[in-house]
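A quick write-up on the structure given underneath.
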Amino acid sequence: APRDPLAQSLDEGLSTPSGDHWLGQDKLGRDVLSRLLHGARLSLSVGFLTVAVSLAIGVTAGSIAGFLGGTADRVFVHACDVLMAFPGILLAIGIAAVRGPSFGNVLFALSVLGWVGYARVARSQVLKLKAMEYVESARAVGGRPSRLLLAHILPNALSPILVEATFGIGRAIVAEAGLSFLGLGVAPPAPSWGSMIGEGRHFLFVAPHLVTAPGAAILLTVMSINFVGDGLRDALDVREEAQ
C-alpha cells in the first residue's frame, strides 16, 4: 500500500482521485487505495479461514455419519435439516451482534452453519463410494474401518468437496462484507471493504469513489474465485449433487 491506511488528513477529506491518491480520500482524509489493499487482507483471510474451519468440521462429521450409516446417519441428516432451516446470514448477524465486532467473532459467526453444506456433500460421496467394489475388496482382506475411510474413500470424495469449498470462499467474503457494512465486522478503524461501503454510502453523490472502489473490489474478487470454481468443476468433471 502506498500510504498508512489509518493516517488522517482532515483538510483533504472527501478528495477525489488524483495523482497523489489514485482512488481519492475518505471523509477523514485517509487514502482509499491503501485502505482497499489492507482490506483485501481481511476479506481474503475471512474467506479462506471460514472455509477451512467449516471444511474440517463438515467433512469430518459428514464422512463419519455416511460411513457408519444407520441411526447415526439418520440423526445427522435430521440435525442438518434443522440447522439449514435457520437463515445463515441472519444467524451470523445475531451472533456477531451479541459477541461484538472482532475478527474472531466474524469467523465464528460465519462458521456456525457454514460446515453443514460441506457435511452433506461429504456424506453423499461417502455413501456412494463405500459400496464400490474396491472398498468391499479392502474390507474383505481385513481393512480397518478407519483405514477404509481415510485411505480408500475420502481421497476419492475430495473433488466435489473442493469445488464446493471454492465457491464457499466467495460466499464468505460477501457475508463478511455484509457484517462489516452493518458495523458487526472487524472493529474500526481497521479497514474492511464492507465498512468502507457503509461509511461511503453517506457521501454517495459527493464522493462516489468511496463506494465504487470497495464495491468493485468485492465484485472482482468474488467473480475471480467463482471462475476458479467453475474451472475446477469442469476439470474434475463433478456431476453429483449432495443428497
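We name chains A, B, ... following the order of the C-alpha cells; residues begin at 1 in each chain, and ligands are numbered from 1 as shown.
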
Which of segment 18-235 of chain A end up as helix (DSSP H, G or I) when DSSP is run on this backbone - answer as a VMD selection string? chain A and resid 32 to 68 70 to 84 88 to 99 103 to 111 114 to 129 133 to 140 145 to 181 193 to 203 209 to 235

For Lys130 of chain A, list every protein, DNA or RNA residue within 10 Å, evaluated using only C-alpha atoms, and leave out those in the same chain fewer than 2 positions away; present the list as JSON, numbers by chain. {"A": [66, 67, 125, 126, 127, 128, 132, 133, 134, 135, 136, 139, 148, 149, 152, 153, 154]}

Nearest to Leu179 of chain A, chosen from A:Ala97, A:Ile161, A:Leu33, A:Val228, with only C-alpha atoms counted in the distances: A:Ala97

Within 8 Å of segment 217-220 of chain A using only C-alpha atoms, minus same-chain residues under 6 positions, as number ranges by chain: A: 36, 173-174, 193

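Counting only C-alpha atoms, Ile95 of chain A has the following residues at most 9 Å away, ignoring those fewer than 3 positions along the same chain: A:Leu90, A:Leu91, A:Ala92, A:Val98, A:Arg99, A:Gly100, A:Asn105, A:Val106, A:Phe108, A:Ala109.
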
Pick from A:Leu23, A:Val206, A:Val163, A:Val75: nearest to Gly231 of chain A, with only C-alpha atoms counted? A:Val163

Got a sec: who's within 10 Å of segment 39-50 of chain A, counting only C-alpha atoms, leaving out chain neighbours fewer than 4 positions off, as an NGL selection string? :A and (5 or 33-35 or 54-55 or 103-104 or 106-112 or 114-115 or 165-166 or 168-177 or 186 or 190-196 or 214 or 217-218 or 221)

Asp4 of chain A proximity check over A:His38, A:Asp237, A:Arg74, A:Arg201, using only C-alpha atoms: winner is A:His38

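With only C-alpha atoms as the atoms that count, the residue of A:Arg233, A:Arg120, A:His78, A:Arg30 with the shortest distance to Ser63 of chain A is A:Arg120.
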
Nearest to Gln8 of chain A by atom-to-atom distance, counting only C-alpha atoms, from A:Gly200, A:His21, A:Ala207, A:Asp31: A:Asp31

Nearest to Asn226 of chain A among A:Ile89, A:Glu164, A:Ser124, A:Ser159, with distances taken over only C-alpha atoms: which residue is it?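 Among the listed residues, A:Glu164 lies closest to Asn226 of chain A.
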
Expressed in Å to a single decimal, how great is the separation between atom CA of Leu182 of chain A and atom CA of Pro2 of chain A? 27.9 Å

Interatomic distance, atom CA of Ser180 of chain A to atom CA of Asp20 of chain A (Å, one decimal):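 Rounded to one decimal, the two atoms are 27.7 Å apart.
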